[in-house]
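The structure file coords_20.pdb is reproduced below (PDB, C-alpha atoms).
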ATOM      1  CA  MET A  13     -60.155 -50.136  77.023  1.00  0.00           C
ATOM      2  CA  ILE A  14     -60.747 -53.589  75.509  1.00  0.00           C
ATOM      3  CA  ARG A  15     -63.541 -52.099  73.444  1.00  0.00           C
ATOM      4  CA  LEU A  16     -61.196 -49.384  72.068  1.00  0.00           C
ATOM      5  CA  ALA A  17     -58.587 -52.030  71.160  1.00  0.00           C
ATOM      6  CA  PHE A  18     -61.271 -54.089  69.391  1.00  0.00           C
ATOM      7  CA  ILE A  19     -62.392 -51.046  67.388  1.00  0.00           C
ATOM      8  CA  LEU A  20     -58.814 -50.224  66.368  1.00  0.00           C
ATOM      9  CA  VAL A  21     -58.160 -53.825  65.258  1.00  0.00           C
ATOM     10  CA  PHE A  22     -61.445 -53.853  63.321  1.00  0.00           C
ATOM     11  CA  ILE A  23     -60.579 -50.581  61.550  1.00  0.00           C
ATOM     12  CA  ALA A  24     -57.058 -51.806  60.720  1.00  0.00           C
ATOM     13  CA  ARG A  25     -58.402 -55.066  59.231  1.00  0.00           C
ATOM     14  CA  SER A  26     -61.062 -53.172  57.270  1.00  0.00           C
ATOM     15  CA  LEU A  27     -58.465 -50.854  55.781  1.00  0.00           C
ATOM     16  CA  ALA A  28     -56.154 -53.752  54.922  1.00  0.00           C
ATOM     17  CA  ALA A  29     -59.011 -55.555  53.148  1.00  0.00           C
ATOM     18  CA  GLN A  30     -59.739 -52.607  50.867  1.00  0.00           C
ATOM     19  CA  GLU A  31     -58.315 -52.474  47.383  1.00  0.00           C
ATOM     20  CA  PRO A  32     -55.050 -50.576  47.185  1.00  0.00           C
ATOM     21  CA  VAL A  33     -55.331 -46.966  46.166  1.00  0.00           C
ATOM     22  CA  GLN A  34     -54.334 -46.623  42.544  1.00  0.00           C
ATOM     23  CA  SER A  35     -51.839 -43.961  41.669  1.00  0.00           C
ATOM     24  CA  PRO A  36     -52.926 -41.444  39.072  1.00  0.00           C
ATOM     25  CA  PRO A  37     -51.623 -42.242  35.594  1.00  0.00           C
ATOM     26  CA  GLU A  38     -48.052 -41.136  35.100  1.00  0.00           C
ATOM     27  CA  ALA A  39     -47.845 -37.823  33.303  1.00  0.00           C
ATOM     28  CA  GLU A  40     -46.341 -37.843  29.866  1.00  0.00           C
ATOM     29  CA  PRO A  41     -42.917 -36.292  29.495  1.00  0.00           C
ATOM     30  CA  PRO A  42     -42.883 -32.828  27.913  1.00  0.00           C
ATOM     31  CA  MET A  43     -43.085 -32.859  24.132  1.00  0.00           C
ATOM     32  CA  THR A  44     -39.750 -32.120  22.498  1.00  0.00           C
ATOM     33  CA  TYR A  45     -38.619 -31.952  18.887  1.00  0.00           C
ATOM     34  CA  GLU A  46     -37.152 -35.452  19.252  1.00  0.00           C
ATOM     35  CA  ARG A  47     -40.273 -36.965  20.845  1.00  0.00           C
ATOM     36  CA  LEU A  48     -42.468 -35.257  18.252  1.00  0.00           C
ATOM     37  CA  GLY A  49     -40.295 -36.766  15.527  1.00  0.00           C
ATOM     38  CA  ASN A  50     -40.607 -40.259  17.007  1.00  0.00           C
ATOM     39  CA  ILE A  51     -44.400 -39.973  17.017  1.00  0.00           C
ATOM     40  CA  LEU A  52     -44.528 -38.591  13.471  1.00  0.00           C
ATOM     41  CA  PHE A  53     -42.256 -41.376  12.177  1.00  0.00           C
ATOM     42  CA  ALA A  54     -44.565 -43.933  13.823  1.00  0.00           C
ATOM     43  CA  LEU A  55     -47.465 -42.387  11.894  1.00  0.00           C
ATOM     44  CA  ASP A  56     -45.512 -42.153   8.624  1.00  0.00           C
ATOM     45  CA  PRO A  57     -42.220 -44.055   8.377  1.00  0.00           C
ATOM     46  CA  GLU A  58     -41.482 -41.996   5.236  1.00  0.00           C
ATOM     47  CA  ALA A  59     -41.665 -38.674   7.144  1.00  0.00           C
ATOM     48  CA  GLU A  60     -38.737 -36.342   6.563  1.00  0.00           C
ATOM     49  CA  PRO A  61     -37.132 -33.810   8.899  1.00  0.00           C
ATOM     50  CA  SER A  62     -37.275 -30.350   7.354  1.00  0.00           C
ATOM     51  CA  GLY A  63     -35.493 -27.542   9.217  1.00  0.00           C
ATOM     52  CA  PRO A  64     -37.234 -27.086  12.561  1.00  0.00           C
ATOM     53  CA  GLY A  65     -40.025 -29.431  11.498  1.00  0.00           C
ATOM     54  CA  PHE A  66     -41.127 -32.421   9.499  1.00  0.00           C
ATOM     55  CA  GLN A  67     -42.976 -33.272   6.301  1.00  0.00           C
ATOM     56  CA  LEU A  68     -45.194 -36.339   6.341  1.00  0.00           C
ATOM     57  CA  THR A  69     -48.194 -37.835   4.593  1.00  0.00           C
ATOM     58  CA  ILE A  70     -51.380 -38.755   6.398  1.00  0.00           C
ATOM     59  CA  ALA A  71     -54.205 -40.418   4.461  1.00  0.00           C
ATOM     60  CA  GLY A  72     -52.612 -39.241   1.214  1.00  0.00           C
ATOM     61  CA  VAL A  73     -52.388 -35.603   2.389  1.00  0.00           C
ATOM     62  CA  GLN A  74     -49.056 -33.788   2.738  1.00  0.00           C
ATOM     63  CA  VAL A  75     -48.664 -32.284   6.230  1.00  0.00           C
ATOM     64  CA  LEU A  76     -46.001 -29.842   7.360  1.00  0.00           C
ATOM     65  CA  VAL A  77     -45.206 -29.744  11.095  1.00  0.00           C
ATOM     66  CA  ILE A  78     -43.096 -26.841  12.329  1.00  0.00           C
ATOM     67  CA  THR A  79     -41.667 -26.365  15.816  1.00  0.00           C
ATOM     68  CA  ASP A  80     -40.298 -23.307  17.560  1.00  0.00           C
ATOM     69  CA  THR A  81     -38.675 -24.489  20.780  1.00  0.00           C
ATOM     70  CA  ASN A  82     -37.800 -20.908  21.848  1.00  0.00           C
ATOM     71  CA  ALA A  83     -41.476 -19.897  21.676  1.00  0.00           C
ATOM     72  CA  ASP A  84     -42.629 -23.364  22.863  1.00  0.00           C
ATOM     73  CA  ARG A  85     -44.987 -23.737  19.882  1.00  0.00           C
ATOM     74  CA  MET A  86     -45.878 -26.398  17.349  1.00  0.00           C
ATOM     75  CA  ARG A  87     -47.886 -25.911  14.188  1.00  0.00           C
ATOM     76  CA  ALA A  88     -49.202 -28.609  11.827  1.00  0.00           C
ATOM     77  CA  MET A  89     -50.375 -27.264   8.464  1.00  0.00           C
ATOM     78  CA  VAL A  90     -51.932 -28.464   5.241  1.00  0.00           C
ATOM     79  CA  PRO A  91     -52.136 -26.079   2.261  1.00  0.00           C
ATOM     80  CA  ILE A  92     -55.638 -26.137   0.784  1.00  0.00           C
ATOM     81  CA  ARG A  93     -55.704 -23.587  -2.049  1.00  0.00           C
ATOM     82  CA  SER A  94     -54.879 -20.041  -3.066  1.00  0.00           C
ATOM     83  CA  ALA A  95     -56.650 -17.511  -0.880  1.00  0.00           C
ATOM     84  CA  GLU A  96     -56.971 -14.971  -3.726  1.00  0.00           C
ATOM     85  CA  ALA A  97     -60.373 -15.997  -5.049  1.00  0.00           C
ATOM     86  CA  LEU A  98     -62.072 -16.772  -1.719  1.00  0.00           C
ATOM     87  CA  SER A  99     -65.548 -15.295  -1.691  1.00  0.00           C
ATOM     88  CA  GLU A 100     -67.196 -13.602   1.270  1.00  0.00           C
ATOM     89  CA  GLU A 101     -69.404 -16.697   1.585  1.00  0.00           C
ATOM     90  CA  ASP A 102     -66.305 -18.941   1.756  1.00  0.00           C
ATOM     91  CA  LEU A 103     -64.780 -16.779   4.486  1.00  0.00           C
ATOM     92  CA  ILE A 104     -67.992 -16.682   6.519  1.00  0.00           C
ATOM     93  CA  ARG A 105     -68.438 -20.447   6.229  1.00  0.00           C
ATOM     94  CA  MET A 106     -64.858 -21.071   7.386  1.00  0.00           C
ATOM     95  CA  MET A 107     -65.320 -18.764  10.385  1.00  0.00           C
ATOM     96  CA  GLN A 108     -68.544 -20.588  11.279  1.00  0.00           C
ATOM     97  CA  ALA A 109     -66.689 -23.901  11.028  1.00  0.00           C
ATOM     98  CA  ASN A 110     -63.823 -22.573  13.159  1.00  0.00           C
ATOM     99  CA  PHE A 111     -66.440 -21.901  15.840  1.00  0.00           C
ATOM    100  CA  ASP A 112     -68.314 -25.212  15.812  1.00  0.00           C
ATOM    101  CA  SER A 113     -66.991 -28.033  13.661  1.00  0.00           C
ATOM    102  CA  THR A 114     -63.237 -27.812  13.089  1.00  0.00           C
ATOM    103  CA  LEU A 115     -62.543 -28.677  16.747  1.00  0.00           C
ATOM    104  CA  ASP A 116     -58.829 -28.117  17.530  1.00  0.00           C
ATOM    105  CA  ALA A 117     -57.817 -27.423  13.921  1.00  0.00           C
ATOM    106  CA  ARG A 118     -58.558 -24.108  12.185  1.00  0.00           C
ATOM    107  CA  TYR A 119     -58.794 -22.567   8.757  1.00  0.00           C
ATOM    108  CA  ALA A 120     -56.197 -19.834   8.357  1.00  0.00           C
ATOM    109  CA  ILE A 121     -54.776 -17.588   5.668  1.00  0.00           C
ATOM    110  CA  ALA A 122     -51.072 -16.753   5.357  1.00  0.00           C
ATOM    111  CA  ASN A 123     -48.893 -15.682   2.459  1.00  0.00           C
ATOM    112  CA  GLY A 124     -51.771 -15.884  -0.031  1.00  0.00           C
ATOM    113  CA  THR A 125     -52.633 -19.496   0.865  1.00  0.00           C
ATOM    114  CA  LEU A 126     -55.612 -20.992   2.660  1.00  0.00           C
ATOM    115  CA  TRP A 127     -54.361 -23.486   5.268  1.00  0.00           C
ATOM    116  CA  ALA A 128     -55.732 -26.064   7.644  1.00  0.00           C
ATOM    117  CA  ALA A 129     -53.744 -25.635  10.853  1.00  0.00           C
ATOM    118  CA  PHE A 130     -53.375 -27.095  14.339  1.00  0.00           C
ATOM    119  CA  ILE A 131     -51.389 -24.914  16.753  1.00  0.00           C
ATOM    120  CA  HIS A 132     -50.409 -25.893  20.288  1.00  0.00           C
ATOM    121  CA  PRO A 133     -47.761 -25.172  22.949  1.00  0.00           C
ATOM    122  CA  LEU A 134     -45.037 -27.716  22.207  1.00  0.00           C
ATOM    123  CA  SER A 135     -44.034 -28.782  25.718  1.00  0.00           C
ATOM    124  CA  LEU A 136     -47.652 -29.252  26.874  1.00  0.00           C
ATOM    125  CA  LEU A 137     -48.672 -31.294  23.829  1.00  0.00           C
ATOM    126  CA  GLU A 138     -49.584 -34.892  24.639  1.00  0.00           C
ATOM    127  CA  LYS A 139     -49.218 -37.740  22.175  1.00  0.00           C
ATOM    128  CA  ASP A 140     -52.949 -38.311  21.686  1.00  0.00           C
ATOM    129  CA  GLN A 141     -53.569 -34.559  21.339  1.00  0.00           C
ATOM    130  CA  LEU A 142     -50.968 -34.426  18.585  1.00  0.00           C
ATOM    131  CA  ILE A 143     -52.410 -37.419  16.764  1.00  0.00           C
ATOM    132  CA  SER A 144     -55.972 -36.136  17.028  1.00  0.00           C
ATOM    133  CA  GLY A 145     -54.903 -32.625  15.985  1.00  0.00           C
ATOM    134  CA  LEU A 146     -53.122 -33.989  12.911  1.00  0.00           C
ATOM    135  CA  ALA A 147     -56.182 -36.010  11.908  1.00  0.00           C
ATOM    136  CA  GLN A 148     -58.473 -33.025  12.438  1.00  0.00           C
ATOM    137  CA  THR A 149     -56.168 -30.856  10.320  1.00  0.00           C
ATOM    138  CA  VAL A 150     -56.229 -33.382   7.489  1.00  0.00           C
ATOM    139  CA  ASN A 151     -60.002 -33.720   7.843  1.00  0.00           C
ATOM    140  CA  ILE A 152     -60.702 -29.987   7.584  1.00  0.00           C
ATOM    141  CA  ALA A 153     -58.438 -29.766   4.542  1.00  0.00           C
ATOM    142  CA  ARG A 154     -60.262 -32.703   2.927  1.00  0.00           C
ATOM    143  CA  THR A 155     -63.726 -31.373   3.813  1.00  0.00           C
ATOM    144  CA  TYR A 156     -63.102 -27.779   2.733  1.00  0.00           C
ATOM    145  CA  GLY A 157     -65.984 -26.757   0.494  1.00  0.00           C
ATOM    146  CA  THR A 158     -68.304 -29.470   1.830  1.00  0.00           C
ATOM    147  CA  LEU A 159     -68.552 -30.344   5.536  1.00  0.00           C
ATOM    148  CA  TYR A 160     -65.803 -28.080   6.949  1.00  0.00           C
ATOM    149  CA  SER A 161     -65.290 -30.615   9.731  1.00  0.00           C
ATOM    150  CA  GLY A 162     -62.477 -31.851  11.954  1.00  0.00           C
ATOM    151  CA  GLY A 163     -64.279 -35.191  12.022  1.00  0.00           C
ATOM    152  CA  ALA A 164     -64.372 -36.010  15.736  1.00  0.00           C
ATOM    153  CA  ALA A 165     -67.770 -34.453  16.473  1.00  0.00           C
ATOM    154  CA  GLU A 166     -70.563 -33.693  14.059  1.00  0.00           C
ATOM    155  CA  PHE A 167     -74.170 -32.697  14.307  1.00  0.00           C
ATOM    156  CA  GLY A 168     -76.628 -34.685  12.228  1.00  0.00           C
ATOM    157  CA  GLY A 169     -77.159 -38.316  11.417  1.00  0.00           C
ATOM    158  CA  GLY A 170     -75.346 -38.851   8.120  1.00  0.00           C
ATOM    159  CA  ASP A 171     -72.396 -41.039   7.202  1.00  0.00           C
ATOM    160  CA  SER A 172     -69.789 -38.269   7.409  1.00  0.00           C
ATOM    161  CA  THR A 173     -69.102 -38.534  11.129  1.00  0.00           C
ATOM    162  CA  ASP A 174     -68.155 -42.209  10.954  1.00  0.00           C
ATOM    163  CA  LEU A 175     -66.036 -41.769   7.829  1.00  0.00           C
ATOM    164  CA  GLN A 176     -64.088 -38.844   9.253  1.00  0.00           C
ATOM    165  CA  ARG A 177     -63.727 -40.440  12.704  1.00  0.00           C
ATOM    166  CA  GLU A 178     -62.009 -43.448  11.058  1.00  0.00           C
ATOM    167  CA  LEU A 179     -58.852 -41.405  10.380  1.00  0.00           C
ATOM    168  CA  ILE A 180     -58.590 -40.278  14.006  1.00  0.00           C
ATOM    169  CA  GLU A 181     -59.089 -43.853  15.256  1.00  0.00           C
ATOM    170  CA  GLU A 182     -56.536 -45.215  12.767  1.00  0.00           C
ATOM    171  CA  LEU A 183     -53.882 -42.708  13.842  1.00  0.00           C
ATOM    172  CA  LEU A 184     -54.592 -43.194  17.556  1.00  0.00           C
ATOM    173  CA  LYS A 185     -54.144 -46.948  17.059  1.00  0.00           C
ATOM    174  CA  LYS A 186     -50.792 -46.390  15.328  1.00  0.00           C
ATOM    175  CA  GLY A 187     -49.745 -44.215  18.260  1.00  0.00           C
ATOM    176  CA  GLU A 188     -50.669 -46.737  20.969  1.00  0.00           C
ATOM    177  CA  GLU A 189     -47.250 -48.391  20.975  1.00  0.00           C
ATOM    178  CA  ILE A 190     -45.264 -45.160  21.240  1.00  0.00           C
TER     179      ILE A 190
END

Entire entry expressed as structure tokens:
Amino acid sequence: MIRLAFILVFIARSLAAQEPVQSPPEAEPPMTYERLGNILFALDPEAEPSGPGFQLTIAGVQVLVITDTNADRMRAMVPIRSAEALSEEDLIRMMQANFDSTLDARYAIANGTLWAAFIHPLSLLEKDQLISGLAQTVNIARTYGTLYSGGAAEFGGGDSTDLQRELIEELLKKGEEI
């Protein structure tokens, strides 16, 4: 009996000496139009509400962000050029890029325009996903015709990866205080 008491005391002291169990990080609140706006204004204080969305400038590129709360969707878009004169080679290259180098952003065609777009369920969107998606969208618009890259992951050993990654890092840093 004394031995059992000793073992129980030993176990209790051992457990008390262990580091406290850390709680998992607190989940972000659902993304809303208002929260999205706060993040976008942190990235560009000159951003403007526009109907169900916002217009802002990132790295000198105009970005349109549209929300549809009924469908729980968000879309960030950058117009690149007219889609009329796209060659078969252009279309194939964009589809290849959509598969391996645009990451979460995509090339898309709508209403006669070639777009860079990032589309995500609104309520599930996290702050860093939004910021990274915006940067990737700007990057694929800026690299259309050359690298066709979202900028966060590249194959090869050139300078492009570091240059394109800078925009993502810059925007993530701006978003740290939100």

Atom CA of Gly72 of chain A to atom CA of Asp116 of chain A, distance in Å rounded to a single decimal: 20.7 Å

Expected residue set, 12 Å radius at (-55.0, -32.5, 13.5), only C-alpha atoms, as a ChimeraX atom specification: /A:70,73,75-77,86-90,114-119,128-132,139-154,161-164,176-177,179-180,183-184

Which of A:Gln108, A:Ser94, A:Thr79, A:Gln74 sits closest to Arg47 of chain A [using only C-alpha atoms]: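 Nearest candidate to Arg47 of chain A out of A:Gln108, A:Ser94, A:Thr79, A:Gln74: A:Thr79.
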
d(atom CA of Pro133 of chain A, atom CA of Asp84 of chain A) in Å: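 These two atoms are separated by 5.4 Å.
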
Between atom CA of Tyr156 of chain A and atom CA of Glu96 of chain A - distance in Å to one decimal: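 One can read the atom CA of Glu96 of chain A to atom CA of Tyr156 of chain A distance as 15.6 Å.
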
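The residue that comes closest to Tyr45 of chain A, out of A:Leu134, A:Asn123, A:Glu60, A:Arg105 and on the basis of all atoms listed in the file, is A:Leu134.
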
Close residues, Leu103 of chain A itself excluded, 12 Å, only C-alpha atoms, min 5 positions apart in chain, as a list in words: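 Residues meeting the cut-off are Ala95, Glu96, Ala97, Leu98, Gln108, Ala109, Asn110, Tyr119, Ala120, Ile121, Leu126, Tyr156, Gly157 and Tyr160 of chain A.
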
Store the residues picked out above, limited to C-alpha atoms, as a PDB file, in the frame of the given file.
ATOM      1  CA  ALA A  95     -56.650 -17.511  -0.880  1.00  0.00           C
ATOM      2  CA  GLU A  96     -56.971 -14.971  -3.726  1.00  0.00           C
ATOM      3  CA  ALA A  97     -60.373 -15.997  -5.049  1.00  0.00           C
ATOM      4  CA  LEU A  98     -62.072 -16.772  -1.719  1.00  0.00           C
ATOM      5  CA  GLN A 108     -68.544 -20.588  11.279  1.00  0.00           C
ATOM      6  CA  ALA A 109     -66.689 -23.901  11.028  1.00  0.00           C
ATOM      7  CA  ASN A 110     -63.823 -22.573  13.159  1.00  0.00           C
ATOM      8  CA  TYR A 119     -58.794 -22.567   8.757  1.00  0.00           C
ATOM      9  CA  ALA A 120     -56.197 -19.834   8.357  1.00  0.00           C
ATOM     10  CA  ILE A 121     -54.776 -17.588   5.668  1.00  0.00           C
ATOM     11  CA  LEU A 126     -55.612 -20.992   2.660  1.00  0.00           C
ATOM     12  CA  TYR A 156     -63.102 -27.779   2.733  1.00  0.00           C
ATOM     13  CA  GLY A 157     -65.984 -26.757   0.494  1.00  0.00           C
ATOM     14  CA  TYR A 160     -65.803 -28.080   6.949  1.00  0.00           C
TER      15      TYR A 160
END

Residue among A:Ser135, A:Asn82, A:Thr69, A:Thr158 lying closest to Asp56 of chain A, counting only C-alpha atoms: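 When distances to Asp56 of chain A are compared using only C-alpha atoms, the smallest one comes from A:Thr69.
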
Output, as JSON, the centre and edge lengths in Å (one decimal) of the axis-aligned box that contains all listed atoms of segment 125-133 of chain A with 4 Å of margin on each side.
{"center_x": -51.7, "center_y": -23.3, "center_z": 11.9, "size_x": 16.0, "size_y": 15.6, "size_z": 30.1}

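Residue selection for this entry, given the PyMOL selection byres ((chain A and resi 55) around 8), comprises A:Ile51, A:Leu52, A:Phe53, A:Ala54, A:Asp56, A:Pro57, A:Ile70, A:Leu183, A:Lys186, A:Gly187.
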
How would segment 76-93 of chain A look with N, CA, C and O atoms restored, written as a short mmCIF file (atom, residue, chain, number, x, y, z; two decimals), in the frame of the given file?
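Resulting contents of rebuild.cif:
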data_model
loop_
_atom_site.label_atom_id
_atom_site.label_comp_id
_atom_site.auth_asym_id
_atom_site.auth_seq_id
_atom_site.Cartn_x
_atom_site.Cartn_y
_atom_site.Cartn_z
N LEU A 76 -47.23 -30.48 6.92
CA LEU A 76 -46.00 -29.84 7.36
C LEU A 76 -46.16 -29.54 8.85
O LEU A 76 -47.14 -28.93 9.26
N VAL A 77 -45.20 -30.00 9.65
CA VAL A 77 -45.21 -29.74 11.10
C VAL A 77 -43.97 -28.92 11.42
O VAL A 77 -42.85 -29.34 11.11
N ILE A 78 -44.18 -27.76 12.00
CA ILE A 78 -43.10 -26.84 12.33
C ILE A 78 -43.04 -26.66 13.84
O ILE A 78 -44.08 -26.53 14.49
N THR A 79 -41.83 -26.63 14.39
CA THR A 79 -41.67 -26.36 15.82
C THR A 79 -40.86 -25.09 16.01
O THR A 79 -40.03 -24.73 15.17
N ASP A 80 -41.11 -24.44 17.12
CA ASP A 80 -40.30 -23.31 17.56
C ASP A 80 -40.07 -23.53 19.05
O ASP A 80 -40.92 -23.19 19.87
N THR A 81 -38.93 -24.15 19.38
CA THR A 81 -38.67 -24.49 20.78
C THR A 81 -38.49 -23.24 21.64
O THR A 81 -38.85 -23.24 22.81
N ASN A 82 -37.96 -22.15 21.07
CA ASN A 82 -37.80 -20.91 21.85
C ASN A 82 -39.15 -20.32 22.26
O ASN A 82 -39.29 -19.78 23.35
N ALA A 83 -40.14 -20.42 21.37
CA ALA A 83 -41.48 -19.90 21.68
C ALA A 83 -42.38 -20.99 22.26
O ALA A 83 -43.52 -20.72 22.59
N ASP A 84 -41.87 -22.22 22.34
CA ASP A 84 -42.63 -23.36 22.86
C ASP A 84 -43.93 -23.57 22.08
O ASP A 84 -45.00 -23.72 22.65
N ARG A 85 -43.82 -23.58 20.74
CA ARG A 85 -44.99 -23.74 19.88
C ARG A 85 -44.76 -24.82 18.85
O ARG A 85 -43.63 -25.11 18.45
N MET A 86 -45.87 -25.41 18.42
CA MET A 86 -45.88 -26.40 17.35
C MET A 86 -47.05 -26.04 16.45
O MET A 86 -48.10 -25.62 16.92
N ARG A 87 -46.84 -26.19 15.16
CA ARG A 87 -47.89 -25.91 14.19
C ARG A 87 -47.88 -26.99 13.12
O ARG A 87 -46.85 -27.25 12.51
N ALA A 88 -49.03 -27.65 12.92
CA ALA A 88 -49.20 -28.61 11.83
C ALA A 88 -50.08 -27.92 10.78
O ALA A 88 -51.10 -27.33 11.12
N MET A 89 -49.68 -28.01 9.51
CA MET A 89 -50.38 -27.26 8.46
C MET A 89 -50.53 -28.10 7.20
O MET A 89 -49.65 -28.88 6.85
N VAL A 90 -51.66 -27.87 6.54
CA VAL A 90 -51.93 -28.46 5.24
C VAL A 90 -52.37 -27.33 4.31
O VAL A 90 -53.37 -26.65 4.60
N PRO A 91 -51.66 -27.11 3.20
CA PRO A 91 -52.14 -26.08 2.26
C PRO A 91 -53.39 -26.60 1.54
O PRO A 91 -53.45 -27.76 1.14
N ILE A 92 -54.39 -25.72 1.42
CA ILE A 92 -55.64 -26.14 0.78
C ILE A 92 -55.76 -25.56 -0.62
O ILE A 92 -56.03 -26.29 -1.58
N ARG A 93 -55.56 -24.25 -0.75
CA ARG A 93 -55.70 -23.59 -2.05
C ARG A 93 -55.21 -22.16 -1.94
O ARG A 93 -54.91 -21.67 -0.85
#
